[in-house]
Amino acid sequence: MNTVLRLAKRFREVLLDGLWIANTNFKDQLKDVTWEQATAKVGSLNTIAMLTFHIDYYIAGLIRVFEGGDLDIRDQYSFDLPPIESQEQWEELLNKLWNDSEKFASLLEQMPDSKMDEVFVDGKYGTYLRNIDGMIEHCYYHLGQITLIKKLLSSDLI
């Protein structure tokens, strides 16, 4: 299996349908979360909804680059989640994440392996490989947080 196909597989595993590394994924962890749980604060931690928005913000930003657009995402805006006040709004956010995740993986699969060694937008960001690998690692990091927040919400510890 070539590099881009391996990366796309790893990306789908963490977001949509894999169990290999963490024995779970975003879709599995978020499938039974209500909007009230998604927006519930646990101490000073980000909410599940904020983390979901945050991951999708970066995925959507990289999609724009994959499609030939500018890299216009900024860390300072990556947690600017509009208010979630209903199950419908929460499900819209989830559907956006699932759709963007599949689009990201599909666009990645269409890239030639040689693209992985090319500069990503600007030399200061490194290569495509570094950024795609970083996106996957970023997803696992926040998947762990979501998993822990879910456990805290369902426990007597809060």
# chains A, B, ... in the order shown; residues from 1 in each chain; ligands from 1
>>> residues_around(residues="Ile48 of chain A", least_positions_apart="6", cutoff="9 Å", atoms="only C-alpha atoms", output="JSON, numbers by chain")
{"A": [30, 33, 37, 38, 39, 40, 41, 145, 146, 149, 150]}
>>> write_last_selection(atoms="N, CA and C atoms", output="PDB file, in the first residue's frame")
ATOM      1  N   LEU A  30     -18.773   9.629  19.633  1.00  0.00           N
ATOM      2  CA  LEU A  30     -19.765  10.709  19.594  1.00  0.00           C
ATOM      3  C   LEU A  30     -21.174  10.246  19.221  1.00  0.00           C
ATOM      4  N   VAL A  33     -23.705  10.798  22.118  1.00  0.00           N
ATOM      5  CA  VAL A  33     -23.582  12.027  22.906  1.00  0.00           C
ATOM      6  C   VAL A  33     -24.727  12.966  22.538  1.00  0.00           C
ATOM      7  N   GLN A  37     -24.899  16.897  26.697  1.00  0.00           N
ATOM      8  CA  GLN A  37     -23.602  16.353  27.099  1.00  0.00           C
ATOM      9  C   GLN A  37     -22.467  17.030  26.329  1.00  0.00           C
ATOM     10  N   ALA A  38     -22.689  17.258  25.046  1.00  0.00           N
ATOM     11  CA  ALA A  38     -21.652  17.859  24.200  1.00  0.00           C
ATOM     12  C   ALA A  38     -21.288  19.262  24.659  1.00  0.00           C
ATOM     13  N   THR A  39     -22.229  19.962  25.257  1.00  0.00           N
ATOM     14  CA  THR A  39     -21.981  21.345  25.672  1.00  0.00           C
ATOM     15  C   THR A  39     -21.730  21.486  27.171  1.00  0.00           C
ATOM     16  N   ALA A  40     -21.769  20.374  27.897  1.00  0.00           N
ATOM     17  CA  ALA A  40     -21.565  20.415  29.346  1.00  0.00           C
ATOM     18  C   ALA A  40     -20.104  20.709  29.685  1.00  0.00           C
ATOM     19  N   LYS A  41     -19.908  21.619  30.609  1.00  0.00           N
ATOM     20  CA  LYS A  41     -18.560  21.955  31.061  1.00  0.00           C
ATOM     21  C   LYS A  41     -18.150  21.009  32.185  1.00  0.00           C
ATOM     22  N   GLN A 145      -9.121  13.106  24.770  1.00  0.00           N
ATOM     23  CA  GLN A 145      -9.801  14.064  25.642  1.00  0.00           C
ATOM     24  C   GLN A 145     -11.310  13.835  25.649  1.00  0.00           C
ATOM     25  N   ILE A 146     -11.879  13.634  24.468  1.00  0.00           N
ATOM     26  CA  ILE A 146     -13.325  13.403  24.369  1.00  0.00           C
ATOM     27  C   ILE A 146     -13.711  12.150  25.146  1.00  0.00           C
ATOM     28  N   ILE A 149     -13.613  12.991  28.867  1.00  0.00           N
ATOM     29  CA  ILE A 149     -14.714  13.883  29.250  1.00  0.00           C
ATOM     30  C   ILE A 149     -16.019  13.095  29.306  1.00  0.00           C
ATOM     31  N   LYS A 150     -16.251  12.211  28.333  1.00  0.00           N
ATOM     32  CA  LYS A 150     -17.454  11.365  28.368  1.00  0.00           C
ATOM     33  C   LYS A 150     -17.500  10.546  29.653  1.00  0.00           C
TER      34      LYS A 150
END
>>> residues_around(residues="Asp32 of chain A", least_positions_apart="6", cutoff="12 Å", atoms="only C-alpha atoms", output="list in words")
Phe26, Ala38, Gln87, Trp90, Glu91, Leu94 and Lys150 of chain A
>>> residues_around(residues="Leu5 of chain A", least_positions_apart="5", cutoff="9 Å", atoms="only C-alpha atoms", output="PyMOL selection string")
chain A and resi 10+105+108-110+113
>>> write_last_selection(atoms="N, CA and C atoms", output="mmCIF file, in the first residue's frame")
data_model
loop_
_atom_site.group_PDB
_atom_site.id
_atom_site.type_symbol
_atom_site.label_atom_id
_atom_site.label_comp_id
_atom_site.auth_asym_id
_atom_site.auth_seq_id
_atom_site.Cartn_x
_atom_site.Cartn_y
_atom_site.Cartn_z
ATOM 1 N N ARG A 10 -5.349 5.534 7.941
ATOM 2 C CA ARG A 10 -5.142 5.951 9.340
ATOM 3 C C ARG A 10 -6.084 7.090 9.719
ATOM 4 N N ALA A 105 -10.075 12.473 3.442
ATOM 5 C CA ALA A 105 -9.481 11.174 3.106
ATOM 6 C C ALA A 105 -9.538 10.919 1.602
ATOM 7 N N LEU A 108 -7.001 13.076 -0.156
ATOM 8 C CA LEU A 108 -5.679 12.534 0.145
ATOM 9 C C LEU A 108 -5.381 11.331 -0.755
ATOM 10 N N GLU A 109 -6.342 10.454 -0.906
ATOM 11 C CA GLU A 109 -6.154 9.262 -1.747
ATOM 12 C C GLU A 109 -5.844 9.609 -3.204
ATOM 13 N N GLN A 110 -6.281 10.769 -3.639
ATOM 14 C CA GLN A 110 -6.062 11.177 -5.026
ATOM 15 C C GLN A 110 -4.688 11.801 -5.264
ATOM 16 N N ASP A 113 2.019 9.957 -4.322
ATOM 17 C CA ASP A 113 2.942 9.832 -3.188
ATOM 18 C C ASP A 113 3.995 10.931 -3.189
#
>>> atom_distance(atom1="atom CA of Ile59 of chain A", atom2="atom CA of Val119 of chain A")
18.1 Å
>>> residues_around(residues="segment 96-102 of chain A", least_positions_apart="5", cutoff="9 Å", atoms="only C-alpha atoms", output="mmCIF file with all heavy atoms, in the first residue's frame")
data_model
loop_
_atom_site.group_PDB
_atom_site.id
_atom_site.type_symbol
_atom_site.label_atom_id
_atom_site.label_comp_id
_atom_site.auth_asym_id
_atom_site.auth_seq_id
_atom_site.Cartn_x
_atom_site.Cartn_y
_atom_site.Cartn_z
ATOM 1 N N PHE A 11 -6.270 8.034 8.804
ATOM 2 C CA PHE A 11 -7.161 9.164 9.066
ATOM 3 C C PHE A 11 -8.593 8.673 9.275
ATOM 4 O O PHE A 11 -9.257 9.063 10.233
ATOM 5 C CB PHE A 11 -7.084 10.165 7.906
ATOM 6 C CG PHE A 11 -7.913 11.388 8.133
ATOM 7 C CD1 PHE A 11 -7.450 12.422 8.929
ATOM 8 C CD2 PHE A 11 -9.176 11.499 7.559
ATOM 9 C CE1 PHE A 11 -8.223 13.549 9.151
ATOM 10 C CE2 PHE A 11 -9.953 12.614 7.776
ATOM 11 C CZ PHE A 11 -9.473 13.652 8.577
ATOM 12 N N ARG A 12 -9.057 7.799 8.390
ATOM 13 C CA ARG A 12 -10.409 7.254 8.551
ATOM 14 C C ARG A 12 -10.529 6.457 9.850
ATOM 15 O O ARG A 12 -11.573 6.467 10.494
ATOM 16 C CB ARG A 12 -10.766 6.372 7.363
ATOM 17 C CG ARG A 12 -11.204 7.136 6.142
ATOM 18 C CD ARG A 12 -11.790 6.209 5.075
ATOM 19 N NE ARG A 12 -12.177 6.962 3.897
ATOM 20 C CZ ARG A 12 -11.455 7.034 2.788
ATOM 21 N NH1 ARG A 12 -10.306 6.376 2.692
ATOM 22 N NH2 ARG A 12 -11.880 7.749 1.762
ATOM 23 N N LEU A 15 -11.129 8.820 12.779
ATOM 24 C CA LEU A 15 -12.345 9.627 12.727
ATOM 25 C C LEU A 15 -13.610 8.830 12.471
ATOM 26 O O LEU A 15 -14.627 9.077 13.113
ATOM 27 C CB LEU A 15 -12.201 10.727 11.676
ATOM 28 C CG LEU A 15 -11.379 11.867 12.261
ATOM 29 C CD1 LEU A 15 -10.475 12.486 11.262
ATOM 30 C CD2 LEU A 15 -12.304 12.870 12.901
ATOM 31 N N LEU A 16 -13.572 7.890 11.565
ATOM 32 C CA LEU A 16 -14.821 7.316 11.064
ATOM 33 C C LEU A 16 -15.080 5.861 11.393
ATOM 34 O O LEU A 16 -16.200 5.490 11.714
ATOM 35 C CB LEU A 16 -14.881 7.499 9.536
ATOM 36 C CG LEU A 16 -14.812 8.948 9.057
ATOM 37 C CD1 LEU A 16 -14.637 9.003 7.547
ATOM 38 C CD2 LEU A 16 -16.039 9.721 9.505
ATOM 39 N N LYS A 27 -16.338 8.823 15.561
ATOM 40 C CA LYS A 27 -17.732 8.476 15.272
ATOM 41 C C LYS A 27 -18.299 7.561 16.359
ATOM 42 O O LYS A 27 -19.431 7.744 16.811
ATOM 43 C CB LYS A 27 -17.849 7.827 13.894
ATOM 44 C CG LYS A 27 -19.230 7.897 13.312
ATOM 45 C CD LYS A 27 -19.222 7.574 11.833
ATOM 46 C CE LYS A 27 -20.429 8.199 11.174
ATOM 47 N NZ LYS A 27 -20.438 7.972 9.744
ATOM 48 N N THR A 52 -14.921 18.916 19.088
ATOM 49 C CA THR A 52 -15.433 18.458 17.797
ATOM 50 C C THR A 52 -15.294 19.567 16.758
ATOM 51 O O THR A 52 -14.798 19.339 15.645
ATOM 52 C CB THR A 52 -16.906 18.018 17.936
ATOM 53 O OG1 THR A 52 -16.981 16.982 18.921
ATOM 54 C CG2 THR A 52 -17.474 17.522 16.614
ATOM 55 N N PHE A 53 -15.708 20.770 17.119
ATOM 56 C CA PHE A 53 -15.572 21.923 16.231
ATOM 57 C C PHE A 53 -14.106 22.167 15.890
ATOM 58 O O PHE A 53 -13.749 22.408 14.727
ATOM 59 C CB PHE A 53 -16.180 23.170 16.895
ATOM 60 C CG PHE A 53 -15.949 24.426 16.116
ATOM 61 C CD1 PHE A 53 -16.817 24.801 15.104
ATOM 62 C CD2 PHE A 53 -14.857 25.242 16.389
ATOM 63 C CE1 PHE A 53 -16.602 25.961 14.366
ATOM 64 C CE2 PHE A 53 -14.628 26.407 15.656
ATOM 65 C CZ PHE A 53 -15.506 26.769 14.652
ATOM 66 N N ILE A 55 -11.474 20.152 15.832
ATOM 67 C CA ILE A 55 -10.917 19.183 14.885
ATOM 68 C C ILE A 55 -11.453 19.449 13.483
ATOM 69 O O ILE A 55 -10.699 19.456 12.502
ATOM 70 C CB ILE A 55 -11.212 17.739 15.348
ATOM 71 C CG1 ILE A 55 -10.285 17.363 16.509
ATOM 72 C CG2 ILE A 55 -11.059 16.742 14.199
ATOM 73 C CD1 ILE A 55 -8.805 17.359 16.183
ATOM 74 N N ASP A 56 -12.751 19.696 13.360
ATOM 75 C CA ASP A 56 -13.312 19.948 12.038
ATOM 76 C C ASP A 56 -12.762 21.241 11.440
ATOM 77 O O ASP A 56 -12.553 21.326 10.231
ATOM 78 C CB ASP A 56 -14.839 19.992 12.072
ATOM 79 C CG ASP A 56 -15.404 20.121 10.677
ATOM 80 O OD1 ASP A 56 -15.192 19.194 9.869
ATOM 81 O OD2 ASP A 56 -16.017 21.169 10.372
ATOM 82 N N TYR A 57 -12.508 22.234 12.258
ATOM 83 C CA TYR A 57 -11.946 23.504 11.788
ATOM 84 C C TYR A 57 -10.635 23.257 11.044
ATOM 85 O O TYR A 57 -10.419 23.787 9.955
ATOM 86 C CB TYR A 57 -11.725 24.430 12.994
ATOM 87 C CG TYR A 57 -11.092 25.756 12.658
ATOM 88 C CD1 TYR A 57 -11.870 26.819 12.189
ATOM 89 C CD2 TYR A 57 -9.726 25.961 12.821
ATOM 90 C CE1 TYR A 57 -11.294 28.038 11.892
ATOM 91 C CE2 TYR A 57 -9.149 27.183 12.524
ATOM 92 C CZ TYR A 57 -9.930 28.221 12.061
ATOM 93 O OH TYR A 57 -9.356 29.433 11.761
ATOM 94 N N ILE A 59 -9.519 20.264 9.840
ATOM 95 C CA ILE A 59 -9.751 19.388 8.684
ATOM 96 C C ILE A 59 -10.255 20.226 7.506
ATOM 97 O O ILE A 59 -9.745 20.108 6.394
ATOM 98 C CB ILE A 59 -10.745 18.265 9.033
ATOM 99 C CG1 ILE A 59 -10.113 17.274 10.021
ATOM 100 C CG2 ILE A 59 -11.209 17.537 7.767
ATOM 101 C CD1 ILE A 59 -11.090 16.275 10.621
ATOM 102 N N ALA A 60 -11.236 21.085 7.749
ATOM 103 C CA ALA A 60 -11.792 21.929 6.678
ATOM 104 C C ALA A 60 -10.718 22.861 6.117
ATOM 105 O O ALA A 60 -10.684 23.114 4.903
ATOM 106 C CB ALA A 60 -12.986 22.725 7.203
ATOM 107 N N ILE A 63 -8.521 20.852 3.829
ATOM 108 C CA ILE A 63 -9.263 20.545 2.597
ATOM 109 C C ILE A 63 -9.130 21.705 1.615
ATOM 110 O O ILE A 63 -8.899 21.492 0.426
ATOM 111 C CB ILE A 63 -10.752 20.234 2.897
ATOM 112 C CG1 ILE A 63 -10.890 18.858 3.544
ATOM 113 C CG2 ILE A 63 -11.597 20.319 1.619
ATOM 114 C CD1 ILE A 63 -12.279 18.554 4.064
ATOM 115 N N GLU A 91 -26.133 17.705 15.815
ATOM 116 C CA GLU A 91 -26.053 16.743 14.720
ATOM 117 C C GLU A 91 -25.525 17.390 13.435
ATOM 118 O O GLU A 91 -24.809 16.741 12.665
ATOM 119 C CB GLU A 91 -27.415 16.079 14.501
ATOM 120 C CG GLU A 91 -27.751 15.119 15.628
ATOM 121 C CD GLU A 91 -29.153 14.553 15.569
ATOM 122 O OE1 GLU A 91 -29.827 14.684 14.523
ATOM 123 O OE2 GLU A 91 -29.585 13.970 16.587
ATOM 124 N N LEU A 107 -9.667 13.169 -0.881
ATOM 125 C CA LEU A 107 -8.703 14.051 -1.546
ATOM 126 C C LEU A 107 -7.282 13.550 -1.341
ATOM 127 O O LEU A 107 -6.458 13.587 -2.254
ATOM 128 C CB LEU A 107 -8.847 15.487 -1.041
ATOM 129 C CG LEU A 107 -10.099 16.232 -1.496
ATOM 130 C CD1 LEU A 107 -10.268 17.523 -0.717
ATOM 131 C CD2 LEU A 107 -10.047 16.502 -2.994
#
>>> residues_around(residues="segment 126-132 of chain A", least_positions_apart="2", cutoff="10 Å", atoms="only C-alpha atoms", output="count of residues only")
27
>>> select_by_dssp(residues="segment 92-131 of chain A", states="alpha helix (DSSP H)", output="PyMOL selection string")
chain A and resi 92-109+128-131
>>> decode(residues="segment 90-106 of chain A", atoms="N, CA and C atoms", output="compact mmCIF listing (two decimals), in the first residue's frame")
# COMPACT_ATOMS: atom_id res chain seq x y z
N TRP A 90 -26.30 20.18 17.12
CA TRP A 90 -25.22 19.26 17.45
C TRP A 90 -25.03 18.25 16.31
N GLU A 91 -26.13 17.70 15.82
CA GLU A 91 -26.05 16.74 14.72
C GLU A 91 -25.53 17.39 13.44
N GLU A 92 -25.83 18.66 13.21
CA GLU A 92 -25.27 19.38 12.06
C GLU A 92 -23.74 19.45 12.17
N LEU A 93 -23.25 19.74 13.37
CA LEU A 93 -21.80 19.80 13.58
C LEU A 93 -21.18 18.42 13.34
N LEU A 94 -21.81 17.38 13.87
CA LEU A 94 -21.30 16.03 13.66
C LEU A 94 -21.30 15.66 12.18
N ASN A 95 -22.39 15.95 11.48
CA ASN A 95 -22.46 15.63 10.05
C ASN A 95 -21.40 16.39 9.27
N LYS A 96 -21.13 17.62 9.65
CA LYS A 96 -20.07 18.38 8.99
C LYS A 96 -18.73 17.69 9.21
N LEU A 97 -18.48 17.24 10.43
CA LEU A 97 -17.22 16.53 10.72
C LEU A 97 -17.13 15.25 9.90
N TRP A 98 -18.19 14.46 9.84
CA TRP A 98 -18.14 13.20 9.08
C TRP A 98 -17.93 13.48 7.59
N ASN A 99 -18.65 14.45 7.05
CA ASN A 99 -18.51 14.77 5.63
C ASN A 99 -17.13 15.33 5.31
N ASP A 100 -16.65 16.24 6.14
CA ASP A 100 -15.31 16.81 5.92
C ASP A 100 -14.23 15.74 6.07
N SER A 101 -14.42 14.83 7.00
CA SER A 101 -13.44 13.76 7.21
C SER A 101 -13.35 12.85 5.99
N GLU A 102 -14.50 12.48 5.45
CA GLU A 102 -14.49 11.63 4.26
C GLU A 102 -13.90 12.38 3.07
N LYS A 103 -14.22 13.65 2.94
CA LYS A 103 -13.68 14.45 1.85
C LYS A 103 -12.16 14.57 1.97
N PHE A 104 -11.66 14.81 3.18
CA PHE A 104 -10.22 14.89 3.43
C PHE A 104 -9.55 13.60 2.99
N ALA A 105 -10.07 12.47 3.44
CA ALA A 105 -9.48 11.17 3.11
C ALA A 105 -9.54 10.92 1.60
N SER A 106 -10.64 11.26 0.97
CA SER A 106 -10.77 11.04 -0.48
C SER A 106 -9.80 11.91 -1.26
